[in-house]
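Quick look at run-v4.pdb (PDB, C-alpha atoms, pLDDT in the B column):
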```pdb
ATOM      1  CA  MET A 771      94.180  80.447 -72.105  1.00 82.00           C
ATOM      2  CA  LYS A 772      92.454  83.169 -70.117  1.00 85.00           C
ATOM      3  CA  ALA A 773      90.306  85.592 -72.092  1.00 86.00           C
ATOM      4  CA  ASP A 774      87.985  88.565 -71.713  1.00 87.00           C
ATOM      5  CA  ALA A 775      84.995  88.599 -74.075  1.00 87.00           C
ATOM      6  CA  VAL A 776      82.699  91.267 -75.481  1.00 87.00           C
ATOM      7  CA  PHE A 777      79.451  90.126 -77.136  1.00 88.00           C
ATOM      8  CA  GLU A 778      77.587  92.325 -79.602  1.00 83.00           C
ATOM      9  CA  GLY A 779      73.813  92.420 -79.956  1.00 78.00           C
ATOM     10  CA  GLY A 780      71.984  90.670 -82.760  1.00 71.00           C
ATOM     11  CA  GLY A 781      68.556  89.506 -81.669  1.00 68.00           C
ATOM     12  CA  ALA A 782      67.752  85.862 -82.338  1.00 66.00           C
ATOM     13  CA  ARG A 783      71.005  85.600 -84.288  1.00 69.00           C
ATOM     14  CA  GLY A 784      72.747  85.656 -80.916  1.00 75.00           C
ATOM     15  CA  ILE A 785      72.259  81.885 -80.902  1.00 81.00           C
ATOM     16  CA  ALA A 786      75.263  81.788 -83.210  1.00 85.00           C
ATOM     17  CA  PHE A 787      77.442  82.842 -80.271  1.00 89.00           C
ATOM     18  CA  ILE A 788      76.923  79.404 -78.725  1.00 91.00           C
ATOM     19  CA  GLY A 789      78.888  77.718 -81.501  1.00 91.00           C
ATOM     20  CA  ALA A 790      81.715  80.211 -81.141  1.00 89.00           C
ATOM     21  CA  ILE A 791      81.778  79.650 -77.390  1.00 92.00           C
ATOM     22  CA  GLN A 792      81.921  75.897 -77.903  1.00 93.00           C
ATOM     23  CA  ALA A 793      84.939  76.346 -80.171  1.00 92.00           C
ATOM     24  CA  MET A 794      86.641  78.455 -77.507  1.00 91.00           C
ATOM     25  CA  GLU A 795      85.925  75.836 -74.852  1.00 93.00           C
ATOM     26  CA  GLU A 796      87.531  73.186 -77.043  1.00 93.00           C
ATOM     27  CA  GLU A 797      90.659  75.357 -76.933  1.00 91.00           C
ATOM     28  CA  ASN A 798      90.425  75.442 -73.107  1.00 91.00           C
ATOM     29  CA  VAL A 799      89.624  79.158 -72.974  1.00 90.00           C
ATOM     30  CA  LYS A 800      88.717  80.341 -69.469  1.00 90.00           C
ATOM     31  CA  TRP A 801      86.541  83.443 -69.238  1.00 91.00           C
ATOM     32  CA  GLU A 802      87.894  86.189 -67.000  1.00 90.00           C
ATOM     33  CA  ARG A 803      85.655  89.212 -67.658  1.00 90.00           C
ATOM     34  CA  LEU A 804      82.597  89.427 -69.878  1.00 92.00           C
ATOM     35  CA  ALA A 805      80.549  92.240 -71.395  1.00 91.00           C
ATOM     36  CA  GLY A 806      77.593  92.329 -73.725  1.00 89.00           C
ATOM     37  CA  THR A 807      74.612  94.169 -75.093  1.00 87.00           C
ATOM     38  CA  SER A 808      71.183  92.874 -76.119  1.00 85.00           C
ATOM     39  CA  ALA A 809      71.537  89.189 -77.113  1.00 86.00           C
ATOM     40  CA  GLY A 810      75.197  89.469 -76.168  1.00 89.00           C
ATOM     41  CA  ALA A 811      74.202  90.541 -72.650  1.00 91.00           C
ATOM     42  CA  LEU A 812      72.262  87.298 -72.260  1.00 92.00           C
ATOM     43  CA  ILE A 813      75.229  85.196 -73.377  1.00 93.00           C
ATOM     44  CA  ALA A 814      77.672  87.147 -71.213  1.00 94.00           C
ATOM     45  CA  ALA A 815      75.426  86.785 -68.159  1.00 97.00           C
ATOM     46  CA  LEU A 816      75.087  83.034 -68.593  1.00 96.00           C
ATOM     47  CA  LEU A 817      78.834  82.560 -69.062  1.00 96.00           C
ATOM     48  CA  ALA A 818      79.605  84.768 -66.060  1.00 96.00           C
ATOM     49  CA  SER A 819      77.308  82.631 -63.915  1.00 97.00           C
ATOM     50  CA  GLY A 820      79.103  79.449 -64.917  1.00 96.00           C
ATOM     51  CA  TYR A 821      77.136  78.037 -67.837  1.00 96.00           C
ATOM     52  CA  LYS A 822      78.919  76.045 -70.538  1.00 96.00           C
ATOM     53  CA  SER A 823      78.008  76.119 -74.229  1.00 95.00           C
ATOM     54  CA  HIS A 824      76.135  72.800 -74.168  1.00 95.00           C
ATOM     55  CA  GLU A 825      74.053  73.967 -71.202  1.00 96.00           C
ATOM     56  CA  ILE A 826      73.183  77.234 -72.945  1.00 94.00           C
ATOM     57  CA  MET A 827      72.181  75.371 -76.111  1.00 92.00           C
ATOM     58  CA  GLU A 828      69.968  73.025 -74.113  1.00 93.00           C
ATOM     59  CA  ARG A 829      68.176  75.940 -72.424  1.00 90.00           C
ATOM     60  CA  VAL A 830      67.871  78.055 -75.559  1.00 86.00           C
ATOM     61  CA  SER A 831      66.387  75.173 -77.544  1.00 85.00           C
ATOM     62  CA  LYS A 832      63.407  75.245 -75.175  1.00 81.00           C
ATOM     63  CA  ILE A 833      62.693  78.981 -75.476  1.00 78.00           C
ATOM     64  CA  GLU A 834      59.246  80.041 -76.670  1.00 74.00           C
ATOM     65  CA  PHE A 835      60.417  82.961 -78.774  1.00 66.00           C
ATOM     66  CA  SER A 836      56.863  84.164 -79.403  1.00 66.00           C
ATOM     67  CA  LYS A 837      56.609  85.086 -75.725  1.00 61.00           C
ATOM     68  CA  PHE A 838      59.405  87.635 -76.014  1.00 60.00           C
ATOM     69  CA  ARG A 839      56.880  89.994 -77.584  1.00 60.00           C
ATOM     70  CA  GLY A 840      54.793  90.147 -74.429  1.00 54.00           C
ATOM     71  CA  LYS A 841      51.318  91.271 -75.384  1.00 59.00           C
ATOM     72  CA  THR A 842      48.943  92.852 -72.895  1.00 61.00           C
ATOM     73  CA  ILE A 843      45.158  93.189 -72.966  1.00 59.00           C
ATOM     74  CA  LEU A 844      45.531  96.534 -74.732  1.00 58.00           C
ATOM     75  CA  ASN A 845      47.711  94.944 -77.431  1.00 57.00           C
ATOM     76  CA  ARG A 846      44.757  92.763 -78.393  1.00 59.00           C
ATOM     77  CA  ILE A 847      42.619  95.761 -79.343  1.00 63.00           C
ATOM     78  CA  PRO A 848      42.828  96.129 -83.143  1.00 67.00           C
ATOM     79  CA  VAL A 849      44.559  99.223 -84.528  1.00 64.00           C
ATOM     80  CA  PHE A 850      44.340 101.417 -81.429  1.00 61.00           C
ATOM     81  CA  GLY A 851      45.585  98.929 -78.820  1.00 59.00           C
ATOM     82  CA  ALA A 852      49.268  99.382 -79.571  1.00 59.00           C
ATOM     83  CA  LEU A 853      48.890 103.161 -79.604  1.00 62.00           C
ATOM     84  CA  LEU A 854      47.143 103.130 -76.232  1.00 62.00           C
ATOM     85  CA  GLU A 855      49.845 100.885 -74.780  1.00 61.00           C
ATOM     86  CA  LEU A 856      52.523 103.255 -76.054  1.00 58.00           C
ATOM     87  CA  MET A 857      50.782 106.322 -74.616  1.00 57.00           C
ATOM     88  CA  ILE A 858      50.081 104.770 -71.214  1.00 57.00           C
ATOM     89  CA  ASN A 859      53.226 102.707 -70.614  1.00 57.00           C
ATOM     90  CA  LEU A 860      55.679 104.282 -73.095  1.00 57.00           C
ATOM     91  CA  GLY A 861      56.145 100.877 -74.658  1.00 60.00           C
ATOM     92  CA  ILE A 862      54.071  98.628 -76.903  1.00 59.00           C
ATOM     93  CA  TYR A 863      55.239  95.317 -75.474  1.00 61.00           C
ATOM     94  CA  LYS A 864      56.507  93.951 -72.195  1.00 64.00           C
ATOM     95  CA  ASN A 865      59.679  91.933 -71.808  1.00 66.00           C
ATOM     96  CA  ASP A 866      58.779  90.134 -68.598  1.00 76.00           C
ATOM     97  CA  TYR A 867      59.173  86.675 -70.123  1.00 80.00           C
ATOM     98  CA  LEU A 868      62.847  87.261 -70.875  1.00 83.00           C
ATOM     99  CA  GLU A 869      63.530  88.573 -67.384  1.00 87.00           C
ATOM    100  CA  SER A 870      61.809  85.669 -65.614  1.00 89.00           C
ATOM    101  CA  TRP A 871      63.445  83.120 -67.921  1.00 91.00           C
ATOM    102  CA  VAL A 872      66.943  84.519 -67.333  1.00 94.00           C
ATOM    103  CA  ASP A 873      66.262  84.800 -63.612  1.00 96.00           C
ATOM    104  CA  SER A 874      65.347  81.105 -63.432  1.00 95.00           C
ATOM    105  CA  LEU A 875      68.523  80.097 -65.271  1.00 96.00           C
ATOM    106  CA  LEU A 876      70.794  82.218 -63.101  1.00 97.00           C
ATOM    107  CA  SER A 877      69.155  80.953 -59.918  1.00 97.00           C
ATOM    108  CA  GLU A 878      70.255  77.441 -60.882  1.00 96.00           C
ATOM    109  CA  LYS A 879      73.827  78.707 -60.506  1.00 97.00           C
ATOM    110  CA  GLY A 880      73.116  80.628 -57.306  1.00 97.00           C
ATOM    111  CA  ILE A 881      73.164  84.026 -59.022  1.00 98.00           C
ATOM    112  CA  GLU A 882      70.534  86.705 -58.508  1.00 97.00           C
ATOM    113  CA  THR A 883      72.088  90.171 -58.334  1.00 97.00           C
ATOM    114  CA  PHE A 884      75.410  91.574 -59.498  1.00 97.00           C
ATOM    115  CA  ALA A 885      76.618  91.252 -55.910  1.00 97.00           C
ATOM    116  CA  ASP A 886      76.572  87.474 -56.364  1.00 98.00           C
ATOM    117  CA  LEU A 887      79.256  87.686 -59.052  1.00 97.00           C
ATOM    118  CA  PRO A 888      82.955  88.473 -58.588  1.00 95.00           C
ATOM    119  CA  GLU A 889      83.605  92.192 -58.905  1.00 93.00           C
ATOM    120  CA  GLY A 890      84.260  93.161 -62.513  1.00 91.00           C
ATOM    121  CA  LYS A 891      83.154  89.783 -63.868  1.00 94.00           C
ATOM    122  CA  LEU A 892      80.188  91.067 -65.898  1.00 95.00           C
ATOM    123  CA  LYS A 893      79.283  94.347 -67.610  1.00 93.00           C
ATOM    124  CA  ILE A 894      75.918  94.852 -69.301  1.00 93.00           C
ATOM    125  CA  ILE A 895      75.132  97.787 -71.579  1.00 88.00           C
ATOM    126  CA  ALA A 896      71.805  99.634 -71.779  1.00 84.00           C
ATOM    127  CA  SER A 897      70.623 103.140 -72.641  1.00 79.00           C
ATOM    128  CA  ASP A 898      69.044 105.538 -70.151  1.00 77.00           C
ATOM    129  CA  ILE A 899      66.846 107.538 -72.511  1.00 71.00           C
ATOM    130  CA  SER A 900      65.429 109.642 -69.682  1.00 70.00           C
ATOM    131  CA  ASN A 901      68.824 111.237 -69.177  1.00 74.00           C
ATOM    132  CA  GLY A 902      70.379 110.542 -72.576  1.00 76.00           C
ATOM    133  CA  GLN A 903      73.173 108.399 -71.169  1.00 79.00           C
ATOM    134  CA  MET A 904      74.799 105.094 -71.879  1.00 82.00           C
ATOM    135  CA  LEU A 905      74.645 102.740 -68.907  1.00 84.00           C
ATOM    136  CA  ILE A 906      77.348 100.287 -67.952  1.00 89.00           C
ATOM    137  CA  LEU A 907      75.856  97.984 -65.359  1.00 92.00           C
ATOM    138  CA  PRO A 908      76.591  97.564 -62.534  1.00 94.00           C
ATOM    139  CA  ASP A 909      79.206 100.370 -62.667  1.00 92.00           C
ATOM    140  CA  ASP A 910      76.696 103.178 -63.183  1.00 91.00           C
ATOM    141  CA  LEU A 911      74.176 102.148 -60.531  1.00 91.00           C
ATOM    142  CA  GLY A 912      75.588 104.831 -58.247  1.00 90.00           C
ATOM    143  CA  ARG A 913      73.850 107.439 -60.416  1.00 85.00           C
ATOM    144  CA  TYR A 914      70.553 106.094 -59.097  1.00 84.00           C
ATOM    145  CA  ARG A 915      71.664 105.566 -55.503  1.00 86.00           C
ATOM    146  CA  MET A 916      71.723 101.816 -56.113  1.00 89.00           C
ATOM    147  CA  SER A 917      74.339  99.164 -55.426  1.00 93.00           C
ATOM    148  CA  PRO A 918      75.130  95.885 -57.238  1.00 95.00           C
ATOM    149  CA  ALA A 919      72.995  94.102 -54.649  1.00 96.00           C
ATOM    150  CA  ASP A 920      69.975  96.189 -55.684  1.00 92.00           C
ATOM    151  CA  LEU A 921      69.797  95.075 -59.309  1.00 93.00           C
ATOM    152  CA  LYS A 922      69.078  91.593 -60.587  1.00 95.00           C
ATOM    153  CA  VAL A 923      71.294  90.445 -63.433  1.00 97.00           C
ATOM    154  CA  SER A 924      68.139  89.279 -65.221  1.00 94.00           C
ATOM    155  CA  THR A 925      66.695  92.797 -65.032  1.00 90.00           C
ATOM    156  CA  ALA A 926      69.875  94.244 -66.543  1.00 91.00           C
ATOM    157  CA  VAL A 927      69.682  91.707 -69.375  1.00 91.00           C
ATOM    158  CA  MET A 928      66.067  92.691 -70.030  1.00 85.00           C
ATOM    159  CA  MET A 929      67.037  96.375 -70.058  1.00 83.00           C
ATOM    160  CA  SER A 930      69.803  95.727 -72.554  1.00 84.00           C
ATOM    161  CA  ALA A 931      67.737  93.444 -74.793  1.00 79.00           C
ATOM    162  CA  SER A 932      64.696  95.710 -75.132  1.00 71.00           C
ATOM    163  CA  ILE A 933      63.933  96.688 -78.700  1.00 62.00           C
ATOM    164  CA  PRO A 934      62.572 100.105 -79.735  1.00 56.00           C
ATOM    165  CA  PHE A 935      59.028 100.601 -78.422  1.00 55.00           C
ATOM    166  CA  SER A 936      59.527  97.803 -75.912  1.00 54.00           C
ATOM    167  CA  ILE A 937      60.620 100.232 -73.221  1.00 48.00           C
ATOM    168  CA  GLY A 938      60.385  99.822 -69.471  1.00 49.00           C
ATOM    169  CA  GLN A 939      61.438 101.671 -66.389  1.00 51.00           C
ATOM    170  CA  LEU A 940      63.942 101.292 -63.596  1.00 52.00           C
ATOM    171  CA  TYR A 941      63.254 103.210 -60.395  1.00 50.00           C
ATOM    172  CA  GLY A 942      66.267 105.052 -59.109  1.00 54.00           C
ATOM    173  CA  ASN A 943      67.036 107.736 -56.561  1.00 52.00           C
ATOM    174  CA  GLN A 944      68.254 110.951 -58.159  1.00 51.00           C
ATOM    175  CA  ASN A 945      68.499 114.117 -56.112  1.00 48.00           C
ATOM    176  CA  ASN A 946      66.810 112.262 -53.248  1.00 43.00           C
ATOM    177  CA  VAL A 947      63.684 111.683 -55.346  1.00 40.00           C
ATOM    178  CA  ILE A 948      62.588 108.237 -56.556  1.00 39.00           C
ATOM    179  CA  ASN A 949      61.803 108.575 -60.255  1.00 47.00           C
ATOM    180  CA  PRO A 950      61.221 106.118 -63.104  1.00 47.00           C
ATOM    181  CA  ILE A 951      64.151 105.891 -65.491  1.00 51.00           C
ATOM    182  CA  PHE A 952      63.176 104.818 -68.993  1.00 50.00           C
ATOM    183  CA  TRP A 953      65.614 102.679 -70.898  1.00 51.00           C
ATOM    184  CA  MET A 954      65.981 100.807 -74.147  1.00 48.00           C
ATOM    185  CA  ALA A 955      68.291  98.466 -75.981  1.00 49.00           C
ATOM    186  CA  GLY A 956      72.014  98.755 -75.466  1.00 47.00           C
ATOM    187  CA  TYR A 957      72.686  97.988 -79.145  1.00 46.00           C
ATOM    188  CA  LEU A 958      72.659 101.741 -79.730  1.00 45.00           C
ATOM    189  CA  VAL A 959      76.095 101.949 -78.160  1.00 44.00           C
ATOM    190  CA  THR A 960      77.652  98.681 -79.294  1.00 47.00           C
ATOM    191  CA  SER A 961      80.654 100.473 -80.729  1.00 46.00           C
ATOM    192  CA  GLN A 962      81.449 102.092 -77.392  1.00 46.00           C
ATOM    193  CA  TYR A 963      82.075  99.155 -75.112  1.00 51.00           C
ATOM    194  CA  GLY A 964      85.526  98.109 -76.202  1.00 52.00           C
ATOM    195  CA  TYR A 965      87.011  99.784 -73.168  1.00 50.00           C
ATOM    196  CA  LEU A 966      84.896  97.731 -70.775  1.00 51.00           C
ATOM    197  CA  THR A 967      87.420  94.949 -70.860  1.00 46.00           C
ATOM    198  CA  ARG A 968      90.673  96.861 -70.796  1.00 53.00           C
ATOM    199  CA  ARG A 969      93.576  94.669 -71.615  1.00 52.00           C
ATOM    200  CA  ASN A 970      94.804  92.525 -68.797  1.00 54.00           C
ATOM    201  CA  PRO A 971      98.388  91.246 -69.108  1.00 53.00           C
ATOM    202  CA  SER A 972      97.157  87.800 -68.059  1.00 54.00           C
ATOM    203  CA  SER A 973      94.329  87.519 -70.604  1.00 58.00           C
ATOM    204  CA  GLN A 974      93.385  88.115 -74.243  1.00 67.00           C
ATOM    205  CA  ARG A 975      90.288  90.048 -75.342  1.00 63.00           C
ATOM    206  CA  LEU A 976      87.901  88.462 -77.830  1.00 67.00           C
ATOM    207  CA  ASP A 977      85.155  90.461 -79.576  1.00 61.00           C
ATOM    208  CA  PHE A 978      82.152  88.428 -80.757  1.00 69.00           C
ATOM    209  CA  ILE A 979      80.327  90.303 -83.518  1.00 62.00           C
ATOM    210  CA  LEU A 980      77.321  89.239 -85.605  1.00 50.00           C
TER     211      LEU A 980
END
```
Give the structure from this file in structure tokens form.
Amino acid sequence: MKADAVFEGGGARGIAFIGAIQAMEEENVKWERLAGTSAGALIAALLASGYKSHEIMERVSKIEFSKFRGKTILNRIPVFGALLELMINLGIYKNDYLESWVDSLLSEKGIETFADLPEGKLKIIASDISNGQMLILPDDLGRYRMSPADLKVSTAVMMSASIPFSIGQLYGNQNNVINPIFWMAGYLVTSQYGYLTRRNPSSQRLDFIL
């Protein structure tokens, strides 16, 4: 059976998706189009790049979860460090570990940017809090004068999986000026992405919710 899948966010609980995916694989489900936010974005990206449930479980079992809360030198200053980090970088923690980890996994499958995937295969949700807009990546890259080849899938996953106060920036071209765009977790708009995988007569749509 062919199926489209939408994966909700859920932090570390997203590991539970792996069991559901395994059950679908046992029923010979073939993934057509995938979408996700936060932890669901990670799962969707790995499936879109060709990973199977047992491969995802093997990789996830080796994750150092403590590194997801990337502390900087300022973070190590008692009491005031976090405040200084927030004032200077508009985020208390970095999420570089997640991005580099996802990037290494996708590279094993020959995937780097959205241009390396079939068109429409993967949609990742994030929030552009600079402009107060929901982002559907890679569809909305045109707003920033970017193309699918300009954005790494791993970067989109990091954007979608950022938690409040772990906020980064994506440089985009708006009105011919390169400006930082600040973003945060896509879980804010989980309820909105049902339309991302509009029904295809040749496939079913499955929603994975935690």
How many Å lie between CA of Ala805 in chain A and CA of Leu892 in chain A, rounded to one decimal?
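Between CA of Ala805 in chain A and CA of Leu892 in chain A the gap is 5.6 Å.
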Can you pull out every residue within 12 Å of range 875-887 of chain A, counting only C-alpha atoms, but drop anything in the same chain fewer than 4 positions away, and send it as a PDB file with C-alpha atoms, keeping the file's coordinate frame?
```
ATOM      1  CA  GLU A 802      87.894  86.189 -67.000  1.00 90.00           C
ATOM      2  CA  ARG A 803      85.655  89.212 -67.658  1.00 90.00           C
ATOM      3  CA  LEU A 804      82.597  89.427 -69.878  1.00 92.00           C
ATOM      4  CA  LEU A 812      72.262  87.298 -72.260  1.00 92.00           C
ATOM      5  CA  ILE A 813      75.229  85.196 -73.377  1.00 93.00           C
ATOM      6  CA  ALA A 814      77.672  87.147 -71.213  1.00 94.00           C
ATOM      7  CA  ALA A 815      75.426  86.785 -68.159  1.00 97.00           C
ATOM      8  CA  LEU A 816      75.087  83.034 -68.593  1.00 96.00           C
ATOM      9  CA  LEU A 817      78.834  82.560 -69.062  1.00 96.00           C
ATOM     10  CA  ALA A 818      79.605  84.768 -66.060  1.00 96.00           C
ATOM     11  CA  SER A 819      77.308  82.631 -63.915  1.00 97.00           C
ATOM     12  CA  GLY A 820      79.103  79.449 -64.917  1.00 96.00           C
ATOM     13  CA  TYR A 821      77.136  78.037 -67.837  1.00 96.00           C
ATOM     14  CA  LYS A 822      78.919  76.045 -70.538  1.00 96.00           C
ATOM     15  CA  GLU A 825      74.053  73.967 -71.202  1.00 96.00           C
ATOM     16  CA  ILE A 826      73.183  77.234 -72.945  1.00 94.00           C
ATOM     17  CA  GLU A 828      69.968  73.025 -74.113  1.00 93.00           C
ATOM     18  CA  ARG A 829      68.176  75.940 -72.424  1.00 90.00           C
ATOM     19  CA  VAL A 830      67.871  78.055 -75.559  1.00 86.00           C
ATOM     20  CA  ILE A 833      62.693  78.981 -75.476  1.00 78.00           C
ATOM     21  CA  LEU A 868      62.847  87.261 -70.875  1.00 83.00           C
ATOM     22  CA  GLU A 869      63.530  88.573 -67.384  1.00 87.00           C
ATOM     23  CA  SER A 870      61.809  85.669 -65.614  1.00 89.00           C
ATOM     24  CA  TRP A 871      63.445  83.120 -67.921  1.00 91.00           C
ATOM     25  CA  LYS A 891      83.154  89.783 -63.868  1.00 94.00           C
ATOM     26  CA  LEU A 892      80.188  91.067 -65.898  1.00 95.00           C
ATOM     27  CA  LYS A 893      79.283  94.347 -67.610  1.00 93.00           C
ATOM     28  CA  ILE A 894      75.918  94.852 -69.301  1.00 93.00           C
ATOM     29  CA  LEU A 907      75.856  97.984 -65.359  1.00 92.00           C
ATOM     30  CA  PRO A 908      76.591  97.564 -62.534  1.00 94.00           C
ATOM     31  CA  ASP A 909      79.206 100.370 -62.667  1.00 92.00           C
ATOM     32  CA  LEU A 911      74.176 102.148 -60.531  1.00 91.00           C
ATOM     33  CA  MET A 916      71.723 101.816 -56.113  1.00 89.00           C
ATOM     34  CA  SER A 917      74.339  99.164 -55.426  1.00 93.00           C
ATOM     35  CA  PRO A 918      75.130  95.885 -57.238  1.00 95.00           C
ATOM     36  CA  ALA A 919      72.995  94.102 -54.649  1.00 96.00           C
ATOM     37  CA  ASP A 920      69.975  96.189 -55.684  1.00 92.00           C
ATOM     38  CA  LEU A 921      69.797  95.075 -59.309  1.00 93.00           C
ATOM     39  CA  LYS A 922      69.078  91.593 -60.587  1.00 95.00           C
ATOM     40  CA  VAL A 923      71.294  90.445 -63.433  1.00 97.00           C
ATOM     41  CA  SER A 924      68.139  89.279 -65.221  1.00 94.00           C
ATOM     42  CA  THR A 925      66.695  92.797 -65.032  1.00 90.00           C
ATOM     43  CA  ALA A 926      69.875  94.244 -66.543  1.00 91.00           C
ATOM     44  CA  VAL A 927      69.682  91.707 -69.375  1.00 91.00           C
TER      45      VAL A 927
END
```
Of the residues A:Ser831, A:Gln903, A:Ser932, A:Ser874, which is the one nearest to Ile788 in chain A, using all atoms listed in the file?
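Under the stated criterion, the closest residue is A:Ser831.
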Quick one, how far is CA of His824 in chain A from CA of Ala809 in chain A?
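Calculated distance between CA of His824 in chain A and CA of Ala809 in chain A is 17.3 Å.
Pairwise distance (CA of Ala896 in chain A, CA of Glu795 in chain A) equals 27.8 Å.
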Find the residue from A:Ala811, A:Met904, A:Asp910, A:Ala775 that sits nearest to Val799 in chain A; use only C-alpha atoms when measuring.
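For Val799 in chain A, the nearest of the given residues is A:Ala775.
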With a distance cut-off of 6 Å and only C-alpha atoms, select the neighbouring residues of Gly779 in chain A, excluding the residue or stretch itself and same-chain residues fewer than 4 positions from it, and output the selection as a ChimeraX atom specification.
/A:807-810,957
Write the residues you've just listed into a file as a compact mmCIF listing (two decimals), in the frame of the given file, and include C-alpha atoms for each of them.
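Final output, result.txt:
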```
# COMPACT_ATOMS: atom_id res chain seq x y z
CA THR A 807 74.61 94.17 -75.09
CA SER A 808 71.18 92.87 -76.12
CA ALA A 809 71.54 89.19 -77.11
CA GLY A 810 75.20 89.47 -76.17
CA TYR A 957 72.69 97.99 -79.14
```
Best match for closeness to Glu778 in chain A among A:Ala931, A:Gly806, A:Ile899, A:Asp866, counting all atoms listed in the file
A:Gly806
